[in-house]
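To start, the structure itself, in C-alpha cells.
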Amino acid sequence: MFLKPSDLRYLRAKKDSAGNLHFFFQQIRDGQLVAGSMLKVHVQPNGEVFAVTATADGRNVGYLFNYRDPEKIKAIARRDGEQLQNLNEPTLTYHISGSDGRLRISYECLVAGTVAGAPTVETVYIDADSGKIVETRPTIQNLAARKIYGPGSSVCGLVSEYGTPPLLRAEGGSASTTTLANTNYDHLGTVRQYFYDRFGRRGMFDIPPKVGDEYIYSTINFTPFYPALNAAFISPENICYRKTQGDPPRPNAGTYVPYNLEGQLVFGPDVSGVGISPANALDVTAHEFTHGVTYTESRMNYFGESGALNESFSDMLGAACEIYAAGGTIGTNAWQIGNGLRSNGLPFRYMDSPTSDGESTDFYPERSTANSDNQGVHFNSGIGNLFFKLLVTGGTHPRSKTTVNVSGIGILKAEQIVYHAVTDYSTPTSGDFFETFRAQTILAATALYGSGSNEVQQVANAWTAVGVMPKAGRAIGGSIRSWVGTGSEVQILSIYLAGNSSHSRTLIFRAIGAGLGISGNLANPQITVYKDGSYLDSNDNWATHASASSLGVYTPANSNDSAIYRTNCTPGSYSVVVSGVSGGTGICLAEIFDVGGDSDVYMQNAAGRAKVIPPGTLANASILGGLVLSGTPTGGGSVANNVVVKSAGPSLAAYFPGNYLADPRIDMTAAGFPGLNPKTSDDWQYDVNNSSQYALWNACQSIFLISTPYEPTSSWKEPALHGMPVPGAYVAVVDGVGGTGGIATVEFYLLESPQ
C-alpha cells in the first residue's frame, strides 16, 4: 500500500451497531483522486484502530506517454468487433488496476453500446505507455448475462435519444393503470422497508429523505434489453426515494445512452408473452437495489472475483429480503433467485445448489477463469451464494467437495455479517478477493459478536466448506543466531502468541551452540524461559529435562545443547534467555517452534535481541533473525502474510548507554522474500533514493497503523522492510553500517492473523 497520511482524502465516517467507527478515505496523487482507490480505517469505541482494509498503492510511477493521440485512444476504447461509441474525450488519470492492484497512469474513456449483443455503459482504462486496455468497468450491473430468448432471436437495436419515459407512479401517488408498475412499486417499498428495519438504512445512499428530494428510479419494460429476460442497476449519483417509470419508445438502431445517470433500476420486458417480467420478482428487485448499496459503500468492481462477490452479495440480500417479506420463514424457493420468471419455470440461480443451473460454480478451486461474463461475475457468484446459504441453515457442501459441517447461525445474524462486511470493510478490488472477503466477513462477525464467538467460527467454516481458505499463513517458528555474551549481552528471543485466551499451543524452546559446528561457537548454552516477564522454566543439557522424550525430531544432536518441550502455552509473550554455563561466550542459535495446538491461537510476532560484533573481531557475529511460515494454498489461492521486518539500535540507547548499535542495517537479499523491494534497509525513512520510501514510511507509518508498535519511534537511523512472504523459512541479517557493533534487535511482525 505504501501511503502517507497526506496521500489520503477523507470522505466520510459511519458508526456500526457495535459502536465501532469506520472512516472512509480515497487516495489522492498530485491533487487528484485515484480512480478505483478506497481505504477504510476501523476504530473501536475506545479509540483503538483494530483493522484497515484498502485498495491503494503509493508507489511512484514513471511514464513516457507513448500514446497521446485522442482519436487513437478512443478507437482502442471502442474495441474491434463491438458496437460501441465514445461518450467523452479521453482523460489522463491515476487509477488502480483491479487485475493486479497497481497504480497506473491511464486514459479514462466512457463508451456505450452493445457487447456480445447486450447493452452496456463502460469506463475503459487504457495504459498511457502500452496503449493496452488494462481494465474495463461496466456501470450497468446485470442480474444475468445469460439470455433467455422468446419468440424470435434478433437482438434489438439501441438508440441514443428516445425522450423521458412517462411517469407511471410516484411516491404517495395513485395506483397506476399498469399492473406491473404497481407490483414493482410495492416491491420497492418492501425492499426499502427491509433495509431500514434490518440495517437502519434509508436508501441506496442512506441520506435522510426530504419531501420532493431524490428518488429511487425504476424503469419497467426496459426495451433495450429485448429479447433478453434481464434486469440491471445503473450506477447512481443521488438516490433516496422510489419512483417507477415506464416504457420508453421501442428503439430501432444506434447507441444506447441512459436517460438518467443519477442511478437507475431497469427491468426488461415480458419476452415470453405470458406475463413474465423481472419486475414481478421481489428478490430480483432487492438484488438490483443491493447493487446500489454496494456501489455507494464499497465500489466493488464489477469483474473477476470482486464482481462475483458483488453479484453474490446482491443474491444474498435478495433472498434475505424475500425471507423478511415471508415473516422470517425460509420457504422451499427461498434460495432460488428469480424463481418462476423463465418460461420453463426455472430460476436464474440456485443458491443452495449453484451448479444446478448448468453454468455456475460452487467450489473455489473449480471457479471459472474465462474472460466471458466479465471474468465470471455470474458463474462464480455461486461460491458466495453457497457460503451464505450454509451460514444461514448449516450443513455440508451439496456435492461433498469438502467434509466441513457448518452449524447455521440463522438469517438475522448472517445478513448482518455480510452487510457489514461489504459496507464497513470491503473496498473496490483485490487480486484474491474471495480470500480477502473471507477475512472481511470474519472482521464483521468479530465486531458484531466478539472474538472467538460461534458466529466467527461458523463464518470461517462456511468459507472453508466452499473452498475459500485463509489468506494469511501461520508463523511456526522464530529464531536468532548471534554472539552470546554475559550480563546485558546475553541472547534473548521472544514470540507473542495471540488469540483465544482459553486455548493454547505447544512450544519448543532450544539453544544450539555446541551443535553448530562453527568456529567460536558457544560450547555449553543454557536457557531460561519466561512468560509475560515471569519465570516459567529452565534447562542446561536437553536430556536432563523432564520433557526430553517429547522432543522428537527437535531433539538436539549434541548433549550440551538445551531444549524444553512445553504444552498448554496460552496467549501471551514467551521469551527464552540464552547464556553460557559458567560465563561462557560464543555464537549460538536460539529457536522457538510452534508445533501444534488450538487453531485460534497463533504466533503474531517474533523478536530477538543480541550484540552485533564488528567484522574482523569474530567470525559469524552479525545477528541473523529467522522466521518460518506455514500454509498450504488451496484451489490456486495464495497463502501469504503481510510481514514487517525491522531492527532497533539507537532507540535502545537509554537501556544500553555506549553499547547500542548506532546505525543498524537489515539485509534480506538471500531470503527470497516475495514482494520485497528493496531487499535491504538502512534508514527507514530514506530508503530507495529518498523517493518511493518503500520501507516503513509507506508500509506502516500511514494512517492505518497509528498507535501500533511497527513504526520506529526514536530514530530515523533504524531499518525496516515490508513484504508478502509465502510459506517458507526467511532470514534477516542485521549488522552495523560502517562495520560498527553494539546491541540491537531483529523483529518480525505479522500484520494478518490466520483465520
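Here, A, B, ... name the chains of the C-alpha cells in the order displayed, residue numbers run from 1 inside each chain, and ligands are numbered from 1 in the same displayed order.
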
Inset, instruction - Mind checking which residues fall within 12 Å of stretch 355-358 of chain A, counting only C-alpha atoms, ignoring those fewer than 4 positions away in the same chain, and posting them as a list in words? - result: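 Counting only the stated atoms, we get Arg146, Gln336, Ile337, Leu346, Pro347, Phe348, Arg349, Tyr350, Met351, Asp362, Phe363, Glu366, Arg367, His378, Phe379, Asn380, Ser381, Gly382, Ile383, Asn385, Leu386, His397, Pro398 and Arg399 of chain A.
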
Go through stretch 109-137 of chain A and flag each residue having an atom no more than 9 Å from stretch 79-86 of chain A; for those, report the closest pair of atoms plus their distance in Å to one decimal, using only C-alpha atoms, ordered by chain and rising number, as JSON lines.
{"residue": "A:Cys109", "atom": "CA", "partner": "A:Asn86", "partner_atom": "CA", "distance": 7.3}
{"residue": "A:Leu110", "atom": "CA", "partner": "A:Asn86", "partner_atom": "CA", "distance": 6.1}
{"residue": "A:Val111", "atom": "CA", "partner": "A:Asn86", "partner_atom": "CA", "distance": 4.5}
{"residue": "A:Ala112", "atom": "CA", "partner": "A:Leu84", "partner_atom": "CA", "distance": 5.3}
{"residue": "A:Gly113", "atom": "CA", "partner": "A:Leu84", "partner_atom": "CA", "distance": 4.4}
{"residue": "A:Thr114", "atom": "CA", "partner": "A:Gln83", "partner_atom": "CA", "distance": 5.2}
{"residue": "A:Val115", "atom": "CA", "partner": "A:Glu82", "partner_atom": "CA", "distance": 5.6}
{"residue": "A:Ala116", "atom": "CA", "partner": "A:Glu82", "partner_atom": "CA", "distance": 7.2}
{"residue": "A:Gly117", "atom": "CA", "partner": "A:Gln83", "partner_atom": "CA", "distance": 8.4}
{"residue": "A:Thr120", "atom": "CA", "partner": "A:Leu84", "partner_atom": "CA", "distance": 8.7}
{"residue": "A:Val121", "atom": "CA", "partner": "A:Leu84", "partner_atom": "CA", "distance": 8.9}

Just the selected residues (C-alpha atoms), exported as a PDB file, in the first residue's frame, please.
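Written file, selection_27.pdb:
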ATOM      1  CA  CYS A 109     -12.795   6.730 -21.579  1.00  0.00           C
ATOM      2  CA  LEU A 110     -16.568   6.293 -21.325  1.00  0.00           C
ATOM      3  CA  VAL A 111     -18.190   4.160 -24.017  1.00  0.00           C
ATOM      4  CA  ALA A 112     -21.710   2.855 -24.575  1.00  0.00           C
ATOM      5  CA  GLY A 113     -23.406   0.438 -26.927  1.00  0.00           C
ATOM      6  CA  THR A 114     -23.552  -3.343 -27.048  1.00  0.00           C
ATOM      7  CA  VAL A 115     -21.030  -6.043 -26.215  1.00  0.00           C
ATOM      8  CA  ALA A 116     -21.914  -9.568 -27.331  1.00  0.00           C
ATOM      9  CA  GLY A 117     -25.394  -8.240 -28.061  1.00  0.00           C
ATOM     10  CA  THR A 120     -23.538  -1.670 -21.763  1.00  0.00           C
ATOM     11  CA  VAL A 121     -22.066   1.574 -20.495  1.00  0.00           C
TER      12      VAL A 121
END

Inset, instruction - Enumerate, as a ChimeraX atom specification, the complete set of residues in stretch 323-562 of chain A that a backbone-based DSSP assignment places in helix (DSSP H, G or I). - result: /A:323-325,354-357,364-366,372-376,381-393,411-425,433-449,454-465,487-489,514-516,542-544,548-550,552-554

Legend entry - Those of stretch 406-572 of chain A in DSSP strand (DSSP E), formatted as number ranges by chain: A: 474-484, 491-499, 505-512, 525-531, 534-540, 562-569, 572

Legend entry - Residue contacts of stretch 300-302 of chain A (7 Å, only C-alpha atoms) excluding same-chain residues fewer than 3 positions away, as a VMD selection string: chain A and resid 137 to 138 294 to 295 306 to 307 310 427 to 429
